[in-house]
Amino acid sequence: MIFYLLGDYAPQSWGNGMIYAHVGILLEAGFEACALHQHAPFRPDWLEVDVPIRYLDEPGFTATAEDTVVVPDVLAPHEVVRRFPWRRIVFVQGSFSIVYGLGNNSDYADLGYETAITILPHIARVVERHFGVSAHLVPPFIAPYFFDDSNAPRVRRVLFPFKEGYRAFGIPDQEIARRLLEKEIKQRPPWSFVLLEGYSHREVSALMQSSMFLVNVYSHEGFNTTVPEAMAAGCVPVCYEAGGGVDFLKPGENAIVFPNQHVYELVERVCALMDNIDRTDVRHLIEGIRKGARQSAESFNRQRTAEALVGFFSRRLQARLA
């Protein structure tokens, strides 16, 4: 059995969505796999989950040396991982969370992990160079319902994702950008500002498919999911490079990109875009970015994810049987 361990995390997270997707892909390929949550009857309410879920607190739960557990980087040192003799793989979706997730341990080998699955090339390089295990690239994919082919008219609306974690770490950019954008947009009817909180994943996709811009000021991310999702939906991202963007962002070609923490310049650019949205040169810029963004988004598809994931576990199985 391949167990994918998850925290009982209620907020929307496509990082967790990818974990459920991995389980589904492995089941389709004939592997035994399931998601493993900590407390029954937890299920996310923002995502349609159609894979089996087991719970650590279910009566009689156990695992053996014949089983494998895939553990998110933020849970790498969790005591439950050491509770059973299963083989350990760490799933690293961002380079900035690694040290935090290691706790007092120096690397993943110290915690008994055999190898890592990573989602982007720069994360794989970081893991292999600094954290003691080999890394295998399994690229993420964008949920297919984000791709928009309707060419329907778009509302003059700015979408804004928000994560509480940045406030906890003392990074003020979200609060600065939100306060300024709310003020500026209020002065520019019919433009509107929508905070992406409390929506299901499909509801977010519908908003992106009908909106002009997504403003994302996350600075410490891997895939930074709302940015590629907006690319797929034709909603122009205005965002930070955010670390992970090095692998897919092309400033001026598939997004409008700023260095991290350049929040005031970013807000001023959004204001200029709103004020000049009917100018021919701005229209051409937006259409060019939409075209490039769609091409970039199409590379993050489920088939690529499945080929890499099934290939990885097939090679591991063959090595064990050899």
# chains A, B, ... in the order shown; residues from 1 in each chain; ligands from 1
call {"tool": "residues_around", "arguments": {"residues": "range 214-216 of chain A", "least_positions_apart": "4", "cutoff": "8 Å", "atoms": "only C-alpha atoms", "output": "list in words"}}
result
Val158, Leu159, Phe160, Pro161, Met208, Thr226, Val227, Ala230, Cys235, Val236, Pro237, Val238, Cys239 and Tyr240 of chain A
call {"tool": "closest_atom_pairs", "arguments": {"of": "range 190-238 of chain A", "to": "range 133-140 of chain A", "cutoff": "12 Å", "atoms": "only C-alpha atoms", "output": "CSV"}}
result
residue,atom,partner,partner_atom,distance
A:Gly222,CA,A:Pro140,CA,10.5
A:Phe223,CA,A:Pro140,CA,7.9
A:Asn224,CA,A:Pro140,CA,11.0
A:Thr225,CA,A:Pro140,CA,9.4
A:Pro228,CA,A:Pro140,CA,10.5
A:Glu229,CA,A:Pro140,CA,11.5
call {"tool": "write_last_selection", "arguments": {"atoms": "C-alpha atoms", "output": "PDB file, in the first residue's frame"}}
result
ATOM      1  CA  GLY A 222       6.817  26.778  -5.240  1.00  0.00           C
ATOM      2  CA  PHE A 223       4.107  26.391  -7.882  1.00  0.00           C
ATOM      3  CA  ASN A 224       2.136  29.369  -6.482  1.00  0.00           C
ATOM      4  CA  THR A 225      -0.997  27.710  -7.776  1.00  0.00           C
ATOM      5  CA  PRO A 228      -0.851  29.182 -13.287  1.00  0.00           C
ATOM      6  CA  GLU A 229      -4.577  28.653 -12.697  1.00  0.00           C
TER       7      GLU A 229
END
call {"tool": "select_by_dssp", "arguments": {"residues": "range 147-312 of chain A", "states": "alpha helix (DSSP H)", "output": "number ranges by chain"}}
result
A: 164-168, 173-186, 201-210, 226-233, 263-275, 280-298, 302-312
call {"tool": "write_last_selection", "arguments": {"atoms": "C-alpha atoms", "output": "PDB file, in the first residue's frame"}}
result
ATOM      1  CA  GLU A 164      -2.908  33.880   6.744  1.00  0.00           C
ATOM      2  CA  GLY A 165       0.519  32.244   6.976  1.00  0.00           C
ATOM      3  CA  TYR A 166       2.297  35.279   5.562  1.00  0.00           C
ATOM      4  CA  ARG A 167       0.938  37.464   8.351  1.00  0.00           C
ATOM      5  CA  ALA A 168       2.135  34.911  10.920  1.00  0.00           C
ATOM      6  CA  ASP A 173       2.806  42.600   1.484  1.00  0.00           C
ATOM      7  CA  GLN A 174      -0.676  41.074   1.362  1.00  0.00           C
ATOM      8  CA  GLU A 175      -2.110  43.583   3.797  1.00  0.00           C
ATOM      9  CA  ILE A 176      -0.425  46.515   2.037  1.00  0.00           C
ATOM     10  CA  ALA A 177      -1.602  45.417  -1.403  1.00  0.00           C
ATOM     11  CA  ARG A 178      -5.109  44.590  -0.223  1.00  0.00           C
ATOM     12  CA  ARG A 179      -5.640  47.914   1.543  1.00  0.00           C
ATOM     13  CA  LEU A 180      -4.296  49.973  -1.335  1.00  0.00           C
ATOM     14  CA  LEU A 181      -6.124  48.036  -4.049  1.00  0.00           C
ATOM     15  CA  GLU A 182      -9.444  48.178  -2.216  1.00  0.00           C
ATOM     16  CA  LYS A 183      -9.052  51.950  -1.925  1.00  0.00           C
ATOM     17  CA  GLU A 184      -7.927  52.478  -5.512  1.00  0.00           C
ATOM     18  CA  ILE A 185     -10.549  50.195  -7.045  1.00  0.00           C
ATOM     19  CA  LYS A 186     -13.343  51.853  -5.064  1.00  0.00           C
ATOM     20  CA  HIS A 201     -12.080  25.337  -6.336  1.00  0.00           C
ATOM     21  CA  ARG A 202     -14.635  25.301  -9.166  1.00  0.00           C
ATOM     22  CA  GLU A 203     -16.061  28.638  -8.026  1.00  0.00           C
ATOM     23  CA  VAL A 204     -12.552  30.126  -8.163  1.00  0.00           C
ATOM     24  CA  SER A 205     -12.173  28.816 -11.709  1.00  0.00           C
ATOM     25  CA  ALA A 206     -15.437  30.498 -12.746  1.00  0.00           C
ATOM     26  CA  LEU A 207     -14.323  33.799 -11.230  1.00  0.00           C
ATOM     27  CA  MET A 208     -10.980  33.607 -13.020  1.00  0.00           C
ATOM     28  CA  GLN A 209     -12.654  32.851 -16.346  1.00  0.00           C
ATOM     29  CA  SER A 210     -14.733  36.027 -16.100  1.00  0.00           C
ATOM     30  CA  THR A 226      -3.370  30.627  -8.348  1.00  0.00           C
ATOM     31  CA  VAL A 227      -0.918  32.136 -10.846  1.00  0.00           C
ATOM     32  CA  PRO A 228      -0.851  29.182 -13.287  1.00  0.00           C
ATOM     33  CA  GLU A 229      -4.577  28.653 -12.697  1.00  0.00           C
ATOM     34  CA  ALA A 230      -5.209  32.259 -13.767  1.00  0.00           C
ATOM     35  CA  MET A 231      -2.988  31.658 -16.806  1.00  0.00           C
ATOM     36  CA  ALA A 232      -5.222  28.751 -17.826  1.00  0.00           C
ATOM     37  CA  ALA A 233      -8.372  30.795 -17.275  1.00  0.00           C
ATOM     38  CA  VAL A 263       4.449  45.880  -3.551  1.00  0.00           C
ATOM     39  CA  TYR A 264       3.971  49.606  -4.200  1.00  0.00           C
ATOM     40  CA  GLU A 265       5.256  49.360  -7.785  1.00  0.00           C
ATOM     41  CA  LEU A 266       2.960  46.381  -8.345  1.00  0.00           C
ATOM     42  CA  VAL A 267      -0.106  48.254  -7.077  1.00  0.00           C
ATOM     43  CA  GLU A 268       0.760  51.273  -9.206  1.00  0.00           C
ATOM     44  CA  ARG A 269       1.019  49.050 -12.302  1.00  0.00           C
ATOM     45  CA  VAL A 270      -2.419  47.575 -11.606  1.00  0.00           C
ATOM     46  CA  CYS A 271      -3.820  51.106 -11.308  1.00  0.00           C
ATOM     47  CA  ALA A 272      -2.224  52.084 -14.609  1.00  0.00           C
ATOM     48  CA  LEU A 273      -3.675  48.995 -16.297  1.00  0.00           C
ATOM     49  CA  MET A 274      -7.162  49.811 -15.016  1.00  0.00           C
ATOM     50  CA  ASP A 275      -6.892  53.456 -16.063  1.00  0.00           C
ATOM     51  CA  THR A 280      -4.917  49.808 -28.012  1.00  0.00           C
ATOM     52  CA  ASP A 281      -1.384  49.153 -26.708  1.00  0.00           C
ATOM     53  CA  VAL A 282      -2.714  47.907 -23.358  1.00  0.00           C
ATOM     54  CA  ARG A 283      -5.237  45.664 -25.098  1.00  0.00           C
ATOM     55  CA  HIS A 284      -2.445  44.220 -27.255  1.00  0.00           C
ATOM     56  CA  LEU A 285      -0.300  43.628 -24.160  1.00  0.00           C
ATOM     57  CA  ILE A 286      -3.129  41.819 -22.376  1.00  0.00           C
ATOM     58  CA  GLU A 287      -3.996  39.650 -25.366  1.00  0.00           C
ATOM     59  CA  GLY A 288      -0.336  38.738 -25.868  1.00  0.00           C
ATOM     60  CA  ILE A 289       0.042  37.758 -22.219  1.00  0.00           C
ATOM     61  CA  ARG A 290      -3.155  35.689 -22.342  1.00  0.00           C
ATOM     62  CA  LYS A 291      -1.854  33.786 -25.346  1.00  0.00           C
ATOM     63  CA  GLY A 292       1.539  33.120 -23.767  1.00  0.00           C
ATOM     64  CA  ALA A 293      -0.057  32.244 -20.435  1.00  0.00           C
ATOM     65  CA  ARG A 294      -2.342  29.682 -22.024  1.00  0.00           C
ATOM     66  CA  GLN A 295       0.630  28.009 -23.715  1.00  0.00           C
ATOM     67  CA  SER A 296       2.497  27.856 -20.394  1.00  0.00           C
ATOM     68  CA  ALA A 297      -0.525  26.523 -18.525  1.00  0.00           C
ATOM     69  CA  GLU A 298      -1.089  23.744 -21.050  1.00  0.00           C
ATOM     70  CA  ARG A 302      -2.481  15.547 -15.874  1.00  0.00           C
ATOM     71  CA  GLN A 303      -0.894  13.289 -18.497  1.00  0.00           C
ATOM     72  CA  ARG A 304       2.612  14.621 -17.750  1.00  0.00           C
ATOM     73  CA  THR A 305       2.010  14.235 -14.027  1.00  0.00           C
ATOM     74  CA  ALA A 306       0.746  10.673 -14.481  1.00  0.00           C
ATOM     75  CA  GLU A 307       3.653   9.614 -16.706  1.00  0.00           C
ATOM     76  CA  ALA A 308       6.230  10.894 -14.221  1.00  0.00           C
ATOM     77  CA  LEU A 309       4.468   9.545 -11.111  1.00  0.00           C
ATOM     78  CA  VAL A 310       3.679   6.086 -12.469  1.00  0.00           C
ATOM     79  CA  GLY A 311       7.171   5.839 -13.915  1.00  0.00           C
ATOM     80  CA  PHE A 312       8.713   6.680 -10.549  1.00  0.00           C
TER      81      PHE A 312
END
call {"tool": "select_by_dssp", "arguments": {"residues": "range 127-284 of chain A", "states": "strand (DSSP E or B)", "output": "ChimeraX atom specification"}}
result
/A:134-137,155-160,192-195,211-216,221,236-240,243,251,255-258
call {"tool": "atom_distance", "arguments": {"atom1": "CA of Asp45 in chain A", "atom2": "CA of Tyr20 in chain A"}}
result
13.4 Å
call {"tool": "atom_distance", "arguments": {"atom1": "CA of Pro44 in chain A", "atom2": "CA of Trp14 in chain A"}}
result
11.2 Å
call {"tool": "residues_around", "arguments": {"residues": "Val155 in chain A", "least_positions_apart": "6", "cutoff": "9 Å", "atoms": "only C-alpha atoms", "output": "number ranges by chain"}}
result
A: 190-192, 210-212
call {"tool": "decode", "arguments": {"residues": "range 252-277 of chain A", "atoms": "N, CA and C atoms", "output": "PDB file, in the first residue's frame"}}
result
ATOM      1  N   GLY A 252       6.184  39.707 -18.932  1.00  0.00           N
ATOM      2  CA  GLY A 252       5.717  40.366 -20.133  1.00  0.00           C
ATOM      3  C   GLY A 252       5.232  39.438 -21.220  1.00  0.00           C
ATOM      4  N   GLU A 253       5.475  38.123 -21.058  1.00  0.00           N
ATOM      5  CA  GLU A 253       5.042  37.143 -22.052  1.00  0.00           C
ATOM      6  C   GLU A 253       3.884  36.291 -21.562  1.00  0.00           C
ATOM      7  N   ASN A 254       3.951  35.850 -20.292  1.00  0.00           N
ATOM      8  CA  ASN A 254       2.826  35.062 -19.768  1.00  0.00           C
ATOM      9  C   ASN A 254       2.292  35.600 -18.441  1.00  0.00           C
ATOM     10  N   ALA A 255       2.872  36.691 -17.965  1.00  0.00           N
ATOM     11  CA  ALA A 255       2.423  37.333 -16.722  1.00  0.00           C
ATOM     12  C   ALA A 255       3.112  38.687 -16.614  1.00  0.00           C
ATOM     13  N   ILE A 256       2.588  39.524 -15.732  1.00  0.00           N
ATOM     14  CA  ILE A 256       3.253  40.785 -15.377  1.00  0.00           C
ATOM     15  C   ILE A 256       3.917  40.539 -14.029  1.00  0.00           C
ATOM     16  N   VAL A 257       5.242  40.558 -14.007  1.00  0.00           N
ATOM     17  CA  VAL A 257       5.998  40.017 -12.875  1.00  0.00           C
ATOM     18  C   VAL A 257       6.846  41.104 -12.230  1.00  0.00           C
ATOM     19  N   PHE A 258       6.856  41.096 -10.894  1.00  0.00           N
ATOM     20  CA  PHE A 258       7.668  42.028 -10.114  1.00  0.00           C
ATOM     21  C   PHE A 258       8.588  41.262  -9.179  1.00  0.00           C
ATOM     22  N   PRO A 259       9.745  41.851  -8.839  1.00  0.00           N
ATOM     23  CA  PRO A 259      10.572  41.238  -7.793  1.00  0.00           C
ATOM     24  C   PRO A 259       9.793  41.189  -6.475  1.00  0.00           C
ATOM     25  N   ASN A 260      10.087  40.204  -5.660  1.00  0.00           N
ATOM     26  CA  ASN A 260       9.445  40.103  -4.352  1.00  0.00           C
ATOM     27  C   ASN A 260       9.591  41.401  -3.566  1.00  0.00           C
ATOM     28  N   GLN A 261       8.535  41.740  -2.834  1.00  0.00           N
ATOM     29  CA  GLN A 261       8.458  42.908  -1.961  1.00  0.00           C
ATOM     30  C   GLN A 261       8.346  44.246  -2.684  1.00  0.00           C
ATOM     31  N   HIS A 262       8.251  44.249  -3.987  1.00  0.00           N
ATOM     32  CA  HIS A 262       8.033  45.503  -4.712  1.00  0.00           C
ATOM     33  C   HIS A 262       6.529  45.777  -4.788  1.00  0.00           C
ATOM     34  N   VAL A 263       5.912  45.860  -3.620  1.00  0.00           N
ATOM     35  CA  VAL A 263       4.449  45.880  -3.551  1.00  0.00           C
ATOM     36  C   VAL A 263       3.870  47.193  -4.059  1.00  0.00           C
ATOM     37  N   TYR A 264       4.523  48.320  -3.765  1.00  0.00           N
ATOM     38  CA  TYR A 264       3.971  49.606  -4.200  1.00  0.00           C
ATOM     39  C   TYR A 264       4.030  49.744  -5.713  1.00  0.00           C
ATOM     40  N   GLU A 265       5.157  49.315  -6.326  1.00  0.00           N
ATOM     41  CA  GLU A 265       5.256  49.360  -7.785  1.00  0.00           C
ATOM     42  C   GLU A 265       4.207  48.456  -8.425  1.00  0.00           C
ATOM     43  N   LEU A 266       3.966  47.311  -7.817  1.00  0.00           N
ATOM     44  CA  LEU A 266       2.960  46.381  -8.345  1.00  0.00           C
ATOM     45  C   LEU A 266       1.569  47.013  -8.312  1.00  0.00           C
ATOM     46  N   VAL A 267       1.211  47.618  -7.191  1.00  0.00           N
ATOM     47  CA  VAL A 267      -0.106  48.254  -7.077  1.00  0.00           C
ATOM     48  C   VAL A 267      -0.235  49.387  -8.092  1.00  0.00           C
ATOM     49  N   GLU A 268       0.814  50.172  -8.252  1.00  0.00           N
ATOM     50  CA  GLU A 268       0.760  51.273  -9.206  1.00  0.00           C
ATOM     51  C   GLU A 268       0.588  50.765 -10.637  1.00  0.00           C
ATOM     52  N   ARG A 269       1.182  49.620 -10.957  1.00  0.00           N
ATOM     53  CA  ARG A 269       1.019  49.050 -12.302  1.00  0.00           C
ATOM     54  C   ARG A 269      -0.421  48.590 -12.506  1.00  0.00           C
ATOM     55  N   VAL A 270      -1.020  47.985 -11.493  1.00  0.00           N
ATOM     56  CA  VAL A 270      -2.419  47.575 -11.606  1.00  0.00           C
ATOM     57  C   VAL A 270      -3.306  48.794 -11.839  1.00  0.00           C
ATOM     58  N   CYS A 271      -3.045  49.876 -11.112  1.00  0.00           N
ATOM     59  CA  CYS A 271      -3.820  51.106 -11.308  1.00  0.00           C
ATOM     60  C   CYS A 271      -3.669  51.630 -12.735  1.00  0.00           C
ATOM     61  N   ALA A 272      -2.451  51.609 -13.246  1.00  0.00           N
ATOM     62  CA  ALA A 272      -2.224  52.084 -14.609  1.00  0.00           C
ATOM     63  C   ALA A 272      -2.945  51.207 -15.626  1.00  0.00           C
ATOM     64  N   LEU A 273      -2.959  49.895 -15.392  1.00  0.00           N
ATOM     65  CA  LEU A 273      -3.675  48.995 -16.297  1.00  0.00           C
ATOM     66  C   LEU A 273      -5.169  49.294 -16.283  1.00  0.00           C
ATOM     67  N   MET A 274      -5.733  49.497 -15.096  1.00  0.00           N
ATOM     68  CA  MET A 274      -7.162  49.811 -15.016  1.00  0.00           C
ATOM     69  C   MET A 274      -7.476  51.130 -15.713  1.00  0.00           C
ATOM     70  N   ASP A 275      -6.623  52.132 -15.496  1.00  0.00           N
ATOM     71  CA  ASP A 275      -6.892  53.456 -16.063  1.00  0.00           C
ATOM     72  C   ASP A 275      -6.778  53.480 -17.580  1.00  0.00           C
ATOM     73  N   ASN A 276      -5.989  52.565 -18.129  1.00  0.00           N
ATOM     74  CA  ASN A 276      -5.715  52.592 -19.565  1.00  0.00           C
ATOM     75  C   ASN A 276      -6.216  51.344 -20.281  1.00  0.00           C
ATOM     76  N   ILE A 277      -7.184  50.662 -19.695  1.00  0.00           N
ATOM     77  CA  ILE A 277      -7.610  49.364 -20.204  1.00  0.00           C
ATOM     78  C   ILE A 277      -8.158  49.445 -21.627  1.00  0.00           C
TER      79      ILE A 277
END
